[in-house]
Amino acid sequence: MITFIGVRMFSYWRSFLFVSGRYRIREDVSTEDLWHLAIPFVKIQITTRGSPGSSEVIMRGIRNVMLAADDDPVFYRSFLSVEVVTESFEQVRALQDRFSRSPVPVHALVVPAAYQTQHGTQMKARGLHYAVERRRAGWNARPGRTFIVHYDEESVLVPAELRRLVSHLAATDKKILEGPIYYPLEYLNASPLCRSMEANRPVGCFECRHVMEKGLPLHLHGSNLVVDEAFENDIGWDIGCLDGQPLISEDYVFGMRAFAHAGRAIFGWHGAVLLEQPPFSVRSAFRQRHRWIFGVLQGMAMSRRSTEFQALPWNVRQRLLWGTRYRVATFALGAAVGGISIPLLPYLVVRSALALHDGATLPLPWEANLWLAAVGAMWLGAALIGAWCNAVYAGMRLWHRVTEIARVILVAPVAGVIESSAAAWAVTEWVLGRRQAVWQPTPKTKEADHAVTRGPAAHDLGHRTDCSCTGCAREELINPGETTLLRPVEPPPVRLNGDPGESRRNM
């Protein structure tokens with residue numbers, strides 16, 4: 001099992017050591033630089049259910065877009081807009097109350113309560129497809145090539161990264177692109193175990209870069225996902241259901257459908273860093289990881305039934321399916337490997353040290369000891385790199401950063417077992433035939449997290465897909481197809497933790 005995981009860990013490090021220059025854009029791009037480029041139209045889309053706490057983090061992301069536009073409001077308004085697709089009319093009211101003017105337009109699209117797609121799509125994909133249908137009908141149409149930049153609720157592109165993204169989009173011929181994600185927002189409000197879990201994710205993006213540049217969508221994350229609007233309108237998000245259960249990893253399914261439709265040449269990597277936040281509690285983090293793996297298992301099953309997927313060459317289908325299975329397996333097996341290693345590793349270290357001192361026989365062959373040491377070093381090194389990326393953007397001073405990274409590494413074995421256990425539990429449920437979809441959006445504020453994780457027992461493992469509770473119910477006040485144009489008011493500029501050296505407004 002250790003070798004199984006170690007091979008994948010080596011793929012991270014191979015990408016990190018040999019092609020790290022393609023991981024992210026480091027060249028500074030100014031507004032003046034953008035003036036001289038053939039800029040496409042760019043729409044930043046935030047798709048949300050309007051859950052408690054989501055409005056505050058959505059506003060944070062919008063404010064950073066507006067700050068970038070302050071450099072040249074007329075220029076940015078000519079190609080940039082923000083779209084909020086929500087199920088909550090109350091959220092639209094909150095946005096209207098907060099915003100009155102903006103350098104670029106902000107549109108809110110309310111998904112009607114009675115809206116249904118042709119194939120009965122639910123969850124986030126339902127809102128995504130509603131926006132596609134409205135665009136097909138001419139909503140917020142732009143006269144030229146247009147890209148949709150998909151955000152999660154808490155996503156933030158700081159001005160420097162937004163300019164880098166726009167610069168890259170001006171030159172690319174790709175239709176689906178992704179970029180790295182770091183997790184410094186609300187960083188110290190999250191549990192130390194959650195911060196340690198997020199330390200593994202920045203390095204994992206090195207593998208994401210590899211698969212996106214290869215054009216094999218073994219993984220596709222729904223934020224920092226940039227899609228050519230015409231292509232998205234063609235493919236759509238009407239992904240349907242699997243045996244009556246809604247699909248909860250719409251991003252993976254969309255990637256597989258796009259690949260089956262247009263092949264590998266459409267995929268690329270843009271290299272602009274998006275900032276997000278870790279879950280606040282271990283329970284929320286566990287649910288999140290469980291949802292990821294369960295959704296991917298659903299997506300693989302759905303793909304195998306697709307006529308477009310079945311039309312692909314046999315070897316391509318196998319590479320996609322077994323590549324994804326390998327990723328899922330290495331994640332899930334981490335629970336067993338970690339559970340064994342935590343008590344066993346100290347024993348092996350002590351026995352090996354005593355054997356070297358006394359000239360006795362090592363408890364394991366030296367080749368096995370060397371391989372275990374290499375895998376352990378790669379794993380701890382990955383956590384170290386990820387913790388550094390997150391801590392730097394969290395705006396910590398050097399000594400605080402060092403102590404935080406040490407804390408992350410100290411609890412990493414326990415954090416690793418917890419998140420791998422979520423993957424293992426999802427796989428176990430799937431194998432046992434327990435395939436009822438459970439979905440709870442990860443809470444975006446501590447208050448919302450407390451309400452969800454310590455709420456009524458009916459919600460202890462997340463919201464069932466047929467849940468009709470107050471927190472899940474569709475808004476009765478929604479008027480079908482209602483569209484609102486919002487003009488945000490900017491707060492006064494302050495220094496914001498998370499973007500070293502750049503003055504920003506309070507997020």
# chains A, B, ... in the order shown; residues from 1 in each chain; ligands from 1

$ residues_around --residues "A:Ala406" --least-positions-apart "4" --cutoff "12 Å" --atoms "only C-alpha atoms" --output "NGL selection string"
:A and (192 or 195-196 or 199 or 380-381 or 383-385 or 387-388 or 391 or 399-402 or 410-412)

$ write_last_selection --atoms "N, CA, C and O atoms" --output "compact mmCIF listing (two decimals), in the first residue's frame"
# COMPACT_ATOMS: atom_id res chain seq x y z
N PRO A 192 -6.91 23.60 13.72
CA PRO A 192 -5.56 23.22 13.28
C PRO A 192 -5.55 21.97 12.42
O PRO A 192 -4.76 21.85 11.49
N ARG A 195 -6.53 23.04 8.97
CA ARG A 195 -5.42 23.75 8.31
C ARG A 195 -4.38 22.75 7.82
O ARG A 195 -3.79 22.93 6.74
N SER A 196 -4.15 21.69 8.57
CA SER A 196 -3.21 20.68 8.15
C SER A 196 -3.73 19.90 6.94
O SER A 196 -2.96 19.58 6.02
N ALA A 199 -3.08 21.73 3.79
CA ALA A 199 -1.67 21.83 3.39
C ALA A 199 -1.34 20.85 2.29
O ALA A 199 -0.36 21.06 1.55
N LEU A 380 5.82 14.43 3.97
CA LEU A 380 6.03 15.58 4.85
C LEU A 380 6.45 16.81 4.06
O LEU A 380 6.04 17.93 4.38
N GLY A 381 7.26 16.61 3.02
CA GLY A 381 7.66 17.74 2.19
C GLY A 381 6.49 18.38 1.48
O GLY A 381 6.41 19.61 1.35
N ALA A 383 3.37 18.40 2.56
CA ALA A 383 2.65 19.17 3.58
C ALA A 383 3.37 20.46 3.92
O ALA A 383 2.74 21.51 4.13
N LEU A 384 4.69 20.42 3.96
CA LEU A 384 5.48 21.61 4.26
C LEU A 384 5.30 22.68 3.18
O LEU A 384 5.08 23.86 3.48
N ILE A 385 5.36 22.28 1.92
CA ILE A 385 5.19 23.23 0.82
C ILE A 385 3.78 23.83 0.85
O ILE A 385 3.60 25.05 0.71
N ALA A 387 1.70 24.04 3.41
CA ALA A 387 1.54 24.90 4.58
C ALA A 387 2.21 26.25 4.36
O ALA A 387 1.69 27.30 4.77
N TRP A 388 3.36 26.24 3.71
CA TRP A 388 4.05 27.50 3.42
C TRP A 388 3.21 28.38 2.48
O TRP A 388 3.05 29.58 2.73
N ALA A 391 0.23 29.73 4.49
CA ALA A 391 0.61 30.65 5.56
C ALA A 391 1.13 31.98 4.99
O ALA A 391 0.86 33.04 5.56
N TRP A 399 7.98 34.74 12.07
CA TRP A 399 8.03 33.80 13.18
C TRP A 399 6.70 33.09 13.36
O TRP A 399 6.66 31.88 13.63
N HIS A 400 5.61 33.82 13.22
CA HIS A 400 4.29 33.20 13.31
C HIS A 400 4.11 32.17 12.20
O HIS A 400 3.55 31.09 12.42
N ARG A 401 4.62 32.48 11.03
CA ARG A 401 4.53 31.56 9.90
C ARG A 401 5.30 30.27 10.20
O ARG A 401 4.83 29.17 9.94
N VAL A 402 6.49 30.42 10.78
CA VAL A 402 7.32 29.25 11.09
C VAL A 402 6.63 28.36 12.12
O VAL A 402 6.57 27.13 11.98
N LEU A 410 3.20 18.85 12.66
CA LEU A 410 3.04 18.03 13.85
C LEU A 410 1.74 17.25 13.84
O LEU A 410 1.70 16.07 14.21
N VAL A 411 0.66 17.88 13.40
CA VAL A 411 -0.65 17.20 13.41
C VAL A 411 -0.98 16.54 12.08
O VAL A 411 -2.04 15.93 11.93
N ALA A 412 -0.07 16.65 11.09
CA ALA A 412 -0.34 16.11 9.76
C ALA A 412 -0.67 14.62 9.76
O ALA A 412 -1.58 14.20 9.01

$ residues_around --residues "stretch 336-352 of chain A" --least-positions-apart "3" --cutoff "8 Å" --atoms "only C-alpha atoms" --output "PDB file with N, CA and C atoms, in the first residue's frame"
ATOM      1  N   MET A   1       0.833  -1.207   0.000  1.00  0.00           N
ATOM      2  CA  MET A   1       0.000   0.000   0.000  1.00  0.00           C
ATOM      3  C   MET A   1       0.869   1.260   0.000  1.00  0.00           C
ATOM      4  N   ILE A   2       1.968   1.194   0.754  1.00  0.00           N
ATOM      5  CA  ILE A   2       2.847   2.363   0.815  1.00  0.00           C
ATOM      6  C   ILE A   2       3.451   2.649  -0.549  1.00  0.00           C
ATOM      7  N   ALA A 332      -8.042   6.859  -0.443  1.00  0.00           N
ATOM      8  CA  ALA A 332      -8.734   6.032   0.550  1.00  0.00           C
ATOM      9  C   ALA A 332      -7.761   5.153   1.342  1.00  0.00           C
ATOM     10  N   LEU A 333      -6.743   4.616   0.679  1.00  0.00           N
ATOM     11  CA  LEU A 333      -5.795   3.736   1.369  1.00  0.00           C
ATOM     12  C   LEU A 333      -4.934   4.489   2.376  1.00  0.00           C
ATOM     13  N   ALA A 355      19.697  -0.709  16.399  1.00  0.00           N
ATOM     14  CA  ALA A 355      20.426  -1.680  15.586  1.00  0.00           C
ATOM     15  C   ALA A 355      21.682  -1.064  14.987  1.00  0.00           C
ATOM     16  N   LEU A 356      21.580   0.162  14.520  1.00  0.00           N
ATOM     17  CA  LEU A 356      22.758   0.838  13.968  1.00  0.00           C
ATOM     18  C   LEU A 356      23.800   1.085  15.047  1.00  0.00           C
ATOM     19  N   LEU A 362      18.972  -4.812  11.126  1.00  0.00           N
ATOM     20  CA  LEU A 362      17.868  -3.863  11.055  1.00  0.00           C
ATOM     21  C   LEU A 362      16.529  -4.601  11.061  1.00  0.00           C
ATOM     22  N   PRO A 363      15.474  -4.000  11.605  1.00  0.00           N
ATOM     23  CA  PRO A 363      14.167  -4.684  11.631  1.00  0.00           C
ATOM     24  C   PRO A 363      13.601  -4.914  10.242  1.00  0.00           C
ATOM     25  N   PRO A 413      -0.006  13.765  10.549  1.00  0.00           N
ATOM     26  CA  PRO A 413      -0.384  12.345  10.524  1.00  0.00           C
ATOM     27  C   PRO A 413      -1.835  12.103  10.923  1.00  0.00           C
ATOM     28  N   VAL A 414      -2.295  12.803  11.954  1.00  0.00           N
ATOM     29  CA  VAL A 414      -3.688  12.637  12.391  1.00  0.00           C
ATOM     30  C   VAL A 414      -4.637  13.220  11.357  1.00  0.00           C
ATOM     31  N   GLY A 416      -4.127  13.557   8.206  1.00  0.00           N
ATOM     32  CA  GLY A 416      -4.137  12.695   7.032  1.00  0.00           C
ATOM     33  C   GLY A 416      -5.035  11.489   7.200  1.00  0.00           C
ATOM     34  N   VAL A 417      -5.012  10.889   8.376  1.00  0.00           N
ATOM     35  CA  VAL A 417      -5.869   9.733   8.637  1.00  0.00           C
ATOM     36  C   VAL A 417      -7.339  10.141   8.593  1.00  0.00           C
TER      37      VAL A 417
END

$ atom_distance --atom1 "atom CA of A:Leu95" --atom2 "atom CA of A:Leu247"
29.2 Å

$ residues_around --residues "A:Ser11" --least-positions-apart "2" --cutoff "12 Å" --atoms "only C-alpha atoms" --output "ChimeraX atom specification"
/A:4-9,13-19,203-211,327,375,378-379,382

$ select_by_dssp --residues "stretch 71-304 of chain A" --states "helix (DSSP H, G or I)" --output "PyMOL selection string"
chain A and resi 73-77+89-98+123-136+159-171+187-189+192-198+201-214+229-235+250-262+264-266+282-304
